[in-house]
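Undergrad: Pasting a structure here, questions to come.
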Amino acid sequence: MLEFWRLFCRNRSAVLGLTILVLVILMAAFANFLFPDDPFRLAGKPMSPPGEGGFLLGSDSLGRDVASGIAHGAKTSLLIGLVATLVAVCVGVIMGALAGYYGGWIDDLLMRTTEMFQTIPSFIFAILLVAIMKPSIESIIIAIAVVSWPAVARLVRGEFLSMRSREFVQACHTIGMGDIRIMLGEILPNCLSPIIVIGSLMVATAILIESGLAFLGLGDPNIMSWGFQIGAGRTLLRSAWWVCTFPGVAILLTVLAINLVGEGLNDALNPRLRERK
Amino acid sequence: MSTRILNIRDLHVALPRGSQRPYAVEAANLHLDENEILCVVGESGSGKSLTARAVMGLLPQPHVHVAKGEIDFLGEDVTRVTDARLRQIRGSEISMIFQEPMTALNPVMTIGVQIDEIFRFHGKMPAKERRERAVSLLDDVHLPDPARIVEAYPHELSGGQRQRAMIAMALALDPKIIIADEPTTALDVTTQAQILKLIKDMQAAHNTGVLFITHDFGVVADIADRVAVMQHGKVVEAGPAAEVLNTPQHPYTKALIGAVPSLTPRQPRPRADERVLQVQALTKTYRSGGGFFGLGEKERVVHAAKEVEIDLRRGETIGIVGESGSGKSTVARCIVRLIDAESGRILLDGKDLRPLDRNAMRGYRPKIQMVFQDPYASLNPRTKVGRIIAQGPVIQGKDSATAEARARELLDIVGLDGNAYDRFPHEFSGGQRQRIGIARALALEPEVLVADEPVSALDVSIQAQILELLDEIRDRMNLSMVFITHDLRVAAQVCDQLVVMRYGEVVEAGPTGAIFADPQDAYTKALLGAVPGKDWSKKSDLAAM
Amino acid sequence: MNHSARRLRYVLKRLLQSLPIVLAIIILNFLLLQLAEGDAVDVLAGEAGSATPEYMAELRAKFGLDQPVPVQLFIYLKNVLMGDLGYSFRHEMPVSELIFDRFIPTLLLMVSTIILAVGFGIVLGLLAAMGLNTWRDTAISIFALLTYATPLFWVGLMLIVVFSINLGWFPTSGMENIGMFYTGWDRVVDIAHHLVLPTITLSLFYLALYTRLMRASMLEQAGQDYVTTARAKGLTERRIMFVHVLRNALLPVVTMAGVQVGALIGGSVIVESVFAWPGLGMLAFEALFARDLNLLLGIFLLSALLVVAVNLVVDIIYSTLDPRIEVG
């Protein structure tokens with residue numbers, strides 16, 4: 001663990017990413033404390049520029065506080081990003097593990113399914129799913145997970161496929177170990193690193209998809225989100241640039257931070273890459 | 001007196017800071033004359049490959065670089081020439097052949113284009129003439145149908161053909177020196193013999209000086225005019241081949257040569273009557289391709305094992321020998337039921353294991369265990385050594401305290417000390433890992449041990465130790481062994497009986513001594529004839545008697 | 001068998017292989033339609049304001065909606081194969097006609113984006129890899145990192161703020177100035193002028209992707225054995241980079257270009273709705289607001305088929321670049 005931390009810290013941009021990410025998490029955690037009021041509430045004069053009328057980052061056409069929206073939106077983004085990724089990783093690991101370990105018709109069936117899911121344009125598919133299920137935080141999470149798992153499944157399948165023929169796995173067969181135990185106890189621990197890396201990068205993608213959905217008006221109507229703020233502010237581009245700009249910067253920084261951390265994890269967990277550098 | 005074309009003086013190749021030692025090559029002195037083959041021999045980590053690369057200016061700079069010394073090529077120090085001059089030398093005056101011809105050739109360019117480049121960059125010649133030269137070069141290295149091979153991509157050729165193409169490329173501009181870095185290590189033994197002969201013929205025809213890097217003393221005996229032995233970056237002994245091979249002076253050279261298994265089969269032991277394992281008419285085929293309404297590639301059927309028969313008696317070792325693709329590993333994996341054979345019988349103490357399903361097989365697993373080839377891939381990197389050994393007995397129903405005690409005992413038997421129990425595999429060397437793999441197999445107290453090339457990934461001195469260990473435990477535990485190997489020297493020292501396989505079929509079987517003395521099948525004869533250094537071995541064995 | 005006949009067989013084989021995927025996508029579409037609350041008759045009845053249950057049952061019978069699900073699936077499959085994607089009750093037009101009208105603008109946007117993103121991505125990746133760890137590499141990598149993390153719609157809005165509102169260089173929305181009635185060359189210039197911002201917006205993300213991929217691929221290939229061989233032959237570093245390494249490094253980029261087409265279509269929904277570009281994405285956005293599910297599903301189906309087609313083309317291109325692919 002200490003060794004891992006040392007390797008991670010060698011990558012300066014990863015440390016920067018981690019710092020930003022921690023700040024975003026703190027902002028989300030203390031959103032209710034910093035801005036105790038409902039972010040949808042009219043807080044003052046509409047269209048106040050940043051710094052005026054008591055608004056740090058200005059207000060929108062309905063007098064909602066942009067800064068409050070960003071703080072509360074952080075909760076939404078992180079929550080949806082994390083939960084959707086967890087669901088996608090679970091589904092992807094199960095599908096990929098079964099396909100890679102057993103091969104044969106199971107592999108064919110699961111991989112054709114994965115292929116189909118990868119062929120369909122994922123963002124339009126997500127739009128459709130949310131539109132059909134009616135926008136809510138659950139439907140958004142389901143939609144993002146449904147379009148994200150195939151990447152994990154492919155990765156895990158590849159890992160299991162190559163591990164399956166490794167000699168240490170064959171050795172487990174020769175001592176009579178069962179399939180479940182081989183999969184969970186022997187192979188899975190050896191492919192955790194790439195799963196962690198792809199998972200961390202998927203959180204970033206999930207946040208981008210969520211903001212896109214909310215921008216198009218498919219967000220949960222009761223929950224503040226960055227994409228919603230930008231979507232609501234786009235008609236004000238000429239008169240109130242700040243309404244769109246700050247939530248966008250929030251998305252950019254958060255996604256950037258997660259990507260940097262993901263790359264840092266990759267460098268620290270992947271010894272082959274390390275040697276190359 | 002022939003001309004000295006290469007003179008390496010006091011060569012130091014520095015390793016990056018934080019490496020195990022400061023210099024990969026330290027104070028090395030070597031020289032090469034026209035029309036001679038100098039073999040640089042050593043085990044892994046001896047610095048032999050880096051020495052060769054330093055001559056070509058191909059060190060992975062800036063991490064690894066020449067720190068001191070000079071490499072004098074006909075009066076020019078190649079460590080100090082300009083990049084432009086170095087490029088001129090490379091390919092036209094010094095050229096190189098690599099170990100793995102598949103990765104050393106660019107996969108998306110034809111052989112012809114890759115040869116053509118040398119002509120284009122080292123002289124002006126019209127395209128038509130360049131092509132003719134390329135075809136005639138391929139013809140020189142005895143490639144069949146050179147006009148077709150010029151147009152072929154590397155993946156369309158066999159391993160031996162690829163290496164021939166590499167040699168053609170190296171010979172293109174008639175260089176003064178050819179550096180060959182383990183050029184036959186990736187090849188089968190019969191192909192190796194052909195390539196060695198080709199290199200020797202070409203060298204003689206062109207008066208070339210050859211710097212030949214190898215780890216195999218058999219190869220040295222076949223090809224070398226002079227030998228230099230390297231250990232930990234230092235040249236410990238150098239001299240004419242006959243002297244170094246037959247009267248080595250340095251203790252390390254003595255030990256290395258002593259570790260080379262003799263080709264004279266050891267004294268046969270009396271054969272027991274009790275049959276432990278009988279394999280009868282074992283057949284396994286692989287199918288690929290086909291389907292897609294006849295639009296796919298043609299269906300290919302490969303007979304990995306065809307009607308294979310093995311008769312293993314109590315306490316003896318049967319060797320299955322053959323080259324890659326002979327099906328020897330498939331047979332081993334069928335016997336331990338890692339692969340399901342289609343037909344035939346695998347009788348263990350009279351009980352046919354082949355039709356058993358996974359659950360029924362579980363009870364028989366302990367009786368038949370396997371030792372694997374690759375000591376790095378055969379141990380789970382995330383599991384502690386103790387658990388690796390103990391988990392077999394635990395799965396088979398032993399309580400964990402008994403299993404642990406047994407595991408510690410086994411660590412002692414295979415020659416590792418007790419604190420290995422709580423360490424991870426990556427903390428051990430290749431030879432030590434192979435000991436751990438053996439301990440794991442022994443933990444279930446098997447009757448039959450199937451060893452699949454257990455020493456082929458190891459250096460020769462380690463190889464000797466592992467073979468000794470296997471011998472010792474076989475006697476101690478009254479084990480019967482099926483020993484898969486491609487190396488006839490190893491087979492001669494380990495096996496009581498031999499089964500020779502080719503293309504999935506057994507071509508010959510019998511007592512090792514009889515087969516070595518009087519091989520019946522043409523393929524067996526070819527295999528025995530291709531063993532590197534066989535004449536040298538005969539001489540040294542005679543001397544020993 | 002000669003080479004062109006083998007290639008034809010390969011194309012045929014790939015075509016056959018993509019049929020099951022097409023079928024699966026159509027079935028998925030049908031299932032999504034089933035999943036949605038209410039059917040077309042409910043929508044119609046809703047439009048009409050009120051309808052008697054008898055009338056609705058009659059309508060269901062007319063559309064075949066009272067049949068068991070497998071029969072409905074069969075009818076749906078048949079309709080789709082005939083090019084009938086249903087009826088948009090909002091636009092009072094068949095979905096296929098609506099989609100067809102909007103297809104060309106989307107194609108225009110996609111093609112220009114792919115050219116820009118893949119082309120510049122390759123060049124930038126190459127520049128970064130060749131100047132490894134110099135300021136050039138650092139600058140390109142930071143640019144790629146930033147654009148990789150930026151939401152498309154926000155980039156679009158910011159570009160509008162800067163280049164349309166403040167600088168006035170480019171129009172804010174639409175595909176052409178309808179009011180000017182341009183024809184011929186003038187119209188081409190006008191459309192190109194409108195195309196600039198949407199193309200830049202949509203390509204930025206993919207530009208980042210291809211740049212990173214190209215850089216990584218170049219570095220990976222530069223460490224291969226055949227590069228050492230090329231050096232040992234005395235070739236110049238230029239030739240090694242541009243002839244040996246580049247060709248091998250391009251292969252994963254080509255594969256990725258195919259994989260990303262689906263994502264590109266998704267991105268066009270956002271970009272088109274930001275710039276009011278009258279393509280499929282804009283249509284999808286309108287359908288979303290009008291809750292016109294039939295239309296949305298039609299767009300979904302068509303875009304999925306488009307991806308299948310593009311993947312097919314990419315595979316065929318790939319097979320000409322990589323001799324190791326068995327085309328026989």
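Residue names in the structure tokens use chain letters A, B, ... in the order shown, residue numbers from 1 in each chain, and ligand numbers from 1 in the order shown.
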Residues of chain B within 9 Å of chain A, using only C-alpha atoms, as a VMD selection string?
TA: chain B and resid 336 to 338 358 to 359 361 to 366 368 to 383 391 to 393 395 to 396 437 440 to 441 444
Undergrad: Taking the DSSP assignment computed from this structure's backbone, write out as number ranges by chain all residues of range 94-329 of chain B that belong to strand (DSSP E).
TA: B: 94-97, 177-181, 209-214, 226-231, 234-240, 275-288, 300-313, 317-321
Undergrad: Selection from above, C-alpha atoms, as a PDB file, in the first residue's frame, can you write it?
TA:
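Below is the file again_8.pdb, written as the result:
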```
ATOM      1  CA  ILE B  94      28.471  -4.892 -39.623  1.00  0.00           C
ATOM      2  CA  SER B  95      25.083  -6.538 -39.697  1.00  0.00           C
ATOM      3  CA  MET B  96      23.003  -8.394 -37.173  1.00  0.00           C
ATOM      4  CA  ILE B  97      20.726 -11.423 -36.798  1.00  0.00           C
ATOM      5  CA  ILE B 177      31.154  -8.752 -39.432  1.00  0.00           C
ATOM      6  CA  ILE B 178      27.873 -10.489 -38.673  1.00  0.00           C
ATOM      7  CA  ILE B 179      26.615 -10.353 -35.128  1.00  0.00           C
ATOM      8  CA  ALA B 180      24.253 -13.205 -34.333  1.00  0.00           C
ATOM      9  CA  ASP B 181      22.373 -12.837 -31.036  1.00  0.00           C
ATOM     10  CA  GLY B 209      33.858 -12.622 -39.048  1.00  0.00           C
ATOM     11  CA  VAL B 210      30.937 -13.807 -36.906  1.00  0.00           C
ATOM     12  CA  LEU B 211      30.287 -12.736 -33.334  1.00  0.00           C
ATOM     13  CA  PHE B 212      27.909 -15.427 -32.136  1.00  0.00           C
ATOM     14  CA  ILE B 213      26.057 -14.993 -28.844  1.00  0.00           C
ATOM     15  CA  THR B 214      24.637 -18.140 -27.264  1.00  0.00           C
ATOM     16  CA  ARG B 226      37.150 -19.371 -30.536  1.00  0.00           C
ATOM     17  CA  VAL B 227      35.116 -19.029 -27.340  1.00  0.00           C
ATOM     18  CA  ALA B 228      34.731 -16.295 -24.733  1.00  0.00           C
ATOM     19  CA  VAL B 229      32.840 -17.111 -21.530  1.00  0.00           C
ATOM     20  CA  MET B 230      31.089 -14.291 -19.709  1.00  0.00           C
ATOM     21  CA  GLN B 231      29.808 -14.166 -16.152  1.00  0.00           C
ATOM     22  CA  LYS B 234      33.097 -10.020 -17.103  1.00  0.00           C
ATOM     23  CA  VAL B 235      34.926 -12.193 -19.604  1.00  0.00           C
ATOM     24  CA  VAL B 236      36.233 -14.972 -17.359  1.00  0.00           C
ATOM     25  CA  GLU B 237      37.857 -17.141 -19.976  1.00  0.00           C
ATOM     26  CA  ALA B 238      38.676 -16.938 -23.680  1.00  0.00           C
ATOM     27  CA  GLY B 239      40.574 -19.110 -26.113  1.00  0.00           C
ATOM     28  CA  PRO B 240      40.368 -21.543 -29.018  1.00  0.00           C
ATOM     29  CA  ARG B 275       1.923 -50.803 -14.538  1.00  0.00           C
ATOM     30  CA  VAL B 276       0.976 -47.477 -13.019  1.00  0.00           C
ATOM     31  CA  LEU B 277      -0.273 -45.552 -16.020  1.00  0.00           C
ATOM     32  CA  GLN B 278      -1.325 -46.852 -19.370  1.00  0.00           C
ATOM     33  CA  VAL B 279      -2.410 -44.580 -22.164  1.00  0.00           C
ATOM     34  CA  GLN B 280      -4.135 -46.410 -24.978  1.00  0.00           C
ATOM     35  CA  ALA B 281      -5.135 -45.041 -28.383  1.00  0.00           C
ATOM     36  CA  LEU B 282      -5.390 -41.491 -27.029  1.00  0.00           C
ATOM     37  CA  THR B 283      -6.710 -39.129 -29.699  1.00  0.00           C
ATOM     38  CA  LYS B 284      -7.264 -35.398 -29.655  1.00  0.00           C
ATOM     39  CA  THR B 285      -8.025 -33.213 -32.674  1.00  0.00           C
ATOM     40  CA  TYR B 286      -8.409 -29.464 -32.960  1.00  0.00           C
ATOM     41  CA  ARG B 287     -10.694 -27.915 -35.519  1.00  0.00           C
ATOM     42  CA  SER B 288     -10.598 -24.305 -36.606  1.00  0.00           C
ATOM     43  CA  ARG B 300      -8.505 -27.028 -40.581  1.00  0.00           C
ATOM     44  CA  VAL B 301      -8.208 -30.249 -38.636  1.00  0.00           C
ATOM     45  CA  VAL B 302      -5.062 -30.703 -36.585  1.00  0.00           C
ATOM     46  CA  HIS B 303      -4.319 -34.056 -35.008  1.00  0.00           C
ATOM     47  CA  ALA B 304      -2.643 -32.990 -31.799  1.00  0.00           C
ATOM     48  CA  ALA B 305      -2.588 -36.590 -30.635  1.00  0.00           C
ATOM     49  CA  LYS B 306      -3.373 -39.627 -32.713  1.00  0.00           C
ATOM     50  CA  GLU B 307      -3.631 -43.113 -31.226  1.00  0.00           C
ATOM     51  CA  VAL B 308      -0.922 -42.384 -28.658  1.00  0.00           C
ATOM     52  CA  GLU B 309       0.226 -45.317 -26.480  1.00  0.00           C
ATOM     53  CA  ILE B 310       2.224 -44.983 -23.256  1.00  0.00           C
ATOM     54  CA  ASP B 311       3.091 -47.691 -20.767  1.00  0.00           C
ATOM     55  CA  LEU B 312       4.486 -46.328 -17.494  1.00  0.00           C
ATOM     56  CA  ARG B 313       5.777 -48.770 -14.855  1.00  0.00           C
ATOM     57  CA  THR B 317      10.451 -42.148 -15.975  1.00  0.00           C
ATOM     58  CA  ILE B 318       9.065 -42.070 -19.484  1.00  0.00           C
ATOM     59  CA  GLY B 319      10.183 -39.198 -21.664  1.00  0.00           C
ATOM     60  CA  ILE B 320       7.993 -37.834 -24.424  1.00  0.00           C
ATOM     61  CA  VAL B 321      10.270 -36.050 -26.867  1.00  0.00           C
TER      62      VAL B 321
END
```
Undergrad: Which residues of chain C have any atom within 8 Å of an atom in chain A when counting only C-alpha atoms, and what is the closest pair of atoms for each, with the distance in Å to one decimal? Order the rows by chain and rising number and write it as JSON lines.
TA:
```
{"residue": "C:Ile21", "atom": "CA", "partner": "A:Met116", "partner_atom": "CA", "distance": 5.9}
{"residue": "C:Ala24", "atom": "CA", "partner": "A:Met116", "partner_atom": "CA", "distance": 7.3}
{"residue": "C:Ile25", "atom": "CA", "partner": "A:Met116", "partner_atom": "CA", "distance": 7.1}
{"residue": "C:Leu32", "atom": "CA", "partner": "A:Ile132", "partner_atom": "CA", "distance": 7.9}
{"residue": "C:Leu35", "atom": "CA", "partner": "A:Ile132", "partner_atom": "CA", "distance": 7.3}
{"residue": "C:Ala36", "atom": "CA", "partner": "A:Ile132", "partner_atom": "CA", "distance": 5.2}
{"residue": "C:Glu37", "atom": "CA", "partner": "A:Ile132", "partner_atom": "CA", "distance": 7.5}
{"residue": "C:Leu145", "atom": "CA", "partner": "A:Leu256", "partner_atom": "CA", "distance": 7.0}
{"residue": "C:Leu146", "atom": "CA", "partner": "A:Leu256", "partner_atom": "CA", "distance": 6.7}
{"residue": "C:Tyr148", "atom": "CA", "partner": "A:Leu256", "partner_atom": "CA", "distance": 7.8}
{"residue": "C:Ala149", "atom": "CA", "partner": "A:Leu256", "partner_atom": "CA", "distance": 5.1}
{"residue": "C:Thr150", "atom": "CA", "partner": "A:Leu252", "partner_atom": "CA", "distance": 4.9}
{"residue": "C:Pro151", "atom": "CA", "partner": "A:Leu208", "partner_atom": "CA", "distance": 6.1}
{"residue": "C:Phe153", "atom": "CA", "partner": "A:Gly212", "partner_atom": "CA", "distance": 7.4}
{"residue": "C:Trp154", "atom": "CA", "partner": "A:Gly248", "partner_atom": "CA", "distance": 6.0}
{"residue": "C:Leu157", "atom": "CA", "partner": "A:Arg234", "partner_atom": "CA", "distance": 7.2}
{"residue": "C:Met158", "atom": "CA", "partner": "A:Thr245", "partner_atom": "CA", "distance": 7.5}
{"residue": "C:Val161", "atom": "CA", "partner": "A:Leu237", "partner_atom": "CA", "distance": 6.6}
{"residue": "C:Ile165", "atom": "CA", "partner": "A:Arg238", "partner_atom": "CA", "distance": 6.8}
{"residue": "C:Val259", "atom": "CA", "partner": "A:Thr119", "partner_atom": "CA", "distance": 7.7}
{"residue": "C:Val261", "atom": "CA", "partner": "A:Pro121", "partner_atom": "CA", "distance": 7.8}
{"residue": "C:Gly262", "atom": "CA", "partner": "A:Pro121", "partner_atom": "CA", "distance": 4.1}
{"residue": "C:Ala263", "atom": "CA", "partner": "A:Pro121", "partner_atom": "CA", "distance": 5.5}
{"residue": "C:Leu264", "atom": "CA", "partner": "A:Pro121", "partner_atom": "CA", "distance": 7.9}
{"residue": "C:Ile265", "atom": "CA", "partner": "A:Pro121", "partner_atom": "CA", "distance": 6.4}
{"residue": "C:Gly266", "atom": "CA", "partner": "A:Phe123", "partner_atom": "CA", "distance": 4.7}
{"residue": "C:Gly267", "atom": "CA", "partner": "A:Phe123", "partner_atom": "CA", "distance": 7.3}
{"residue": "C:Val269", "atom": "CA", "partner": "A:Ile124", "partner_atom": "CA", "distance": 7.7}
{"residue": "C:Ile270", "atom": "CA", "partner": "A:Gly212", "partner_atom": "CA", "distance": 7.3}
{"residue": "C:Phe285", "atom": "CA", "partner": "A:Leu216", "partner_atom": "CA", "distance": 7.4}
{"residue": "C:Leu288", "atom": "CA", "partner": "A:Ala131", "partner_atom": "CA", "distance": 7.3}
{"residue": "C:Arg291", "atom": "CA", "partner": "A:Ala131", "partner_atom": "CA", "distance": 7.9}
{"residue": "C:Leu296", "atom": "CA", "partner": "A:Leu128", "partner_atom": "CA", "distance": 7.2}
{"residue": "C:Leu297", "atom": "CA", "partner": "A:Leu128", "partner_atom": "CA", "distance": 7.5}
{"residue": "C:Phe300", "atom": "CA", "partner": "A:Ile124", "partner_atom": "CA", "distance": 6.5}
{"residue": "C:Ser303", "atom": "CA", "partner": "A:Pro121", "partner_atom": "CA", "distance": 6.9}
{"residue": "C:Ala304", "atom": "CA", "partner": "A:Ile120", "partner_atom": "CA", "distance": 4.7}
{"residue": "C:Val307", "atom": "CA", "partner": "A:Thr119", "partner_atom": "CA", "distance": 6.3}
{"residue": "C:Val308", "atom": "CA", "partner": "A:Thr119", "partner_atom": "CA", "distance": 6.7}
```
Undergrad: DSSP on the backbone: what in range 18-258 of chain C comes out helix (DSSP H, G or I), as a ChimeraX atom specification?
TA: /C:18-35,40-48,53-63,69-81,95-130,135-148,152-166,178-180,184-222,225-232,237-258
Undergrad: What are the closest atom pairs, with distances in Å to one decimal, for each residue of chain B lying within 9 Å of chain C, using only C-alpha atoms, rows by chain and rising residue number, as a Markdown table?
TA:
```
| residue | atom | partner | partner_atom | distance |
| --- | --- | --- | --- | --- |
| B:Met56 | CA | C:Ala232 | CA | 6.9 |
| B:Gly57 | CA | C:Ala232 | CA | 8.6 |
| B:Leu58 | CA | C:Thr228 | CA | 7.3 |
| B:Ala84 | CA | C:Thr236 | CA | 8.5 |
| B:Leu86 | CA | C:Gly234 | CA | 7.5 |
| B:Arg87 | CA | C:Gly234 | CA | 4.2 |
| B:Gln88 | CA | C:Gly234 | CA | 6.0 |
| B:Ile89 | CA | C:Gly234 | CA | 7.1 |
| B:Arg90 | CA | C:Gly234 | CA | 4.6 |
| B:Gly91 | CA | C:Lys233 | CA | 4.0 |
| B:Ser92 | CA | C:Lys233 | CA | 7.6 |
| B:Ile94 | CA | C:Ala232 | CA | 8.4 |
| B:Ser95 | CA | C:Ala232 | CA | 6.4 |
| B:Met96 | CA | C:Ala232 | CA | 6.4 |
| B:Ile97 | CA | C:Thr229 | CA | 8.2 |
| B:Phe98 | CA | C:Thr229 | CA | 7.9 |
| B:Glu100 | CA | C:Asp225 | CA | 8.5 |
| B:Met102 | CA | C:Tyr226 | CA | 8.8 |
| B:Thr103 | CA | C:Asp225 | CA | 5.6 |
| B:Ala104 | CA | C:Tyr226 | CA | 4.1 |
| B:Leu105 | CA | C:Tyr226 | CA | 5.0 |
| B:Asn106 | CA | C:Tyr226 | CA | 5.3 |
| B:Pro107 | CA | C:Arg324 | CA | 7.7 |
| B:Val108 | CA | C:Pro323 | CA | 6.0 |
| B:Met109 | CA | C:His244 | CA | 8.2 |
| B:Gln114 | CA | C:Ala230 | CA | 8.6 |
| B:Glu117 | CA | C:Leu235 | CA | 7.8 |
| B:Ile118 | CA | C:Lys233 | CA | 6.2 |
| B:Phe121 | CA | C:Leu235 | CA | 6.6 |
| B:His122 | CA | C:Gly234 | CA | 8.0 |
| B:Tyr153 | CA | C:Pro323 | CA | 7.2 |
| B:His155 | CA | C:Arg324 | CA | 6.8 |
| B:Glu156 | CA | C:Arg324 | CA | 8.4 |
| B:Met169 | CA | C:Lys233 | CA | 8.5 |
| B:Ala170 | CA | C:Lys233 | CA | 8.0 |
| B:Phe292 | CA | C:Lys13 | CA | 7.0 |
| B:Phe293 | CA | C:Lys13 | CA | 8.7 |
| B:Leu295 | CA | C:Lys13 | CA | 5.8 |
| B:Gly296 | CA | C:Lys13 | CA | 6.8 |
| B:Glu297 | CA | C:Gly328 | CA | 6.0 |
| B:Lys298 | CA | C:Gly328 | CA | 8.7 |
```
Undergrad: Could you name the residues that touch Ala88 in chain A at 8 Å or less, counting only C-alpha atoms, but leaving out those on the same chain fewer than 4 positions away, as a ChimeraX atom specification?
TA: /A:84,92,145-146,148-149,152
Undergrad: List the neighbours of Pro49 in chain A out to 8 Å using only C-alpha atoms; skip same-chain residues closer than 4 positions along the sequence, and give me the result as an MDAnalysis selection string.
TA: chainID A and resid 55 57:59 240 242
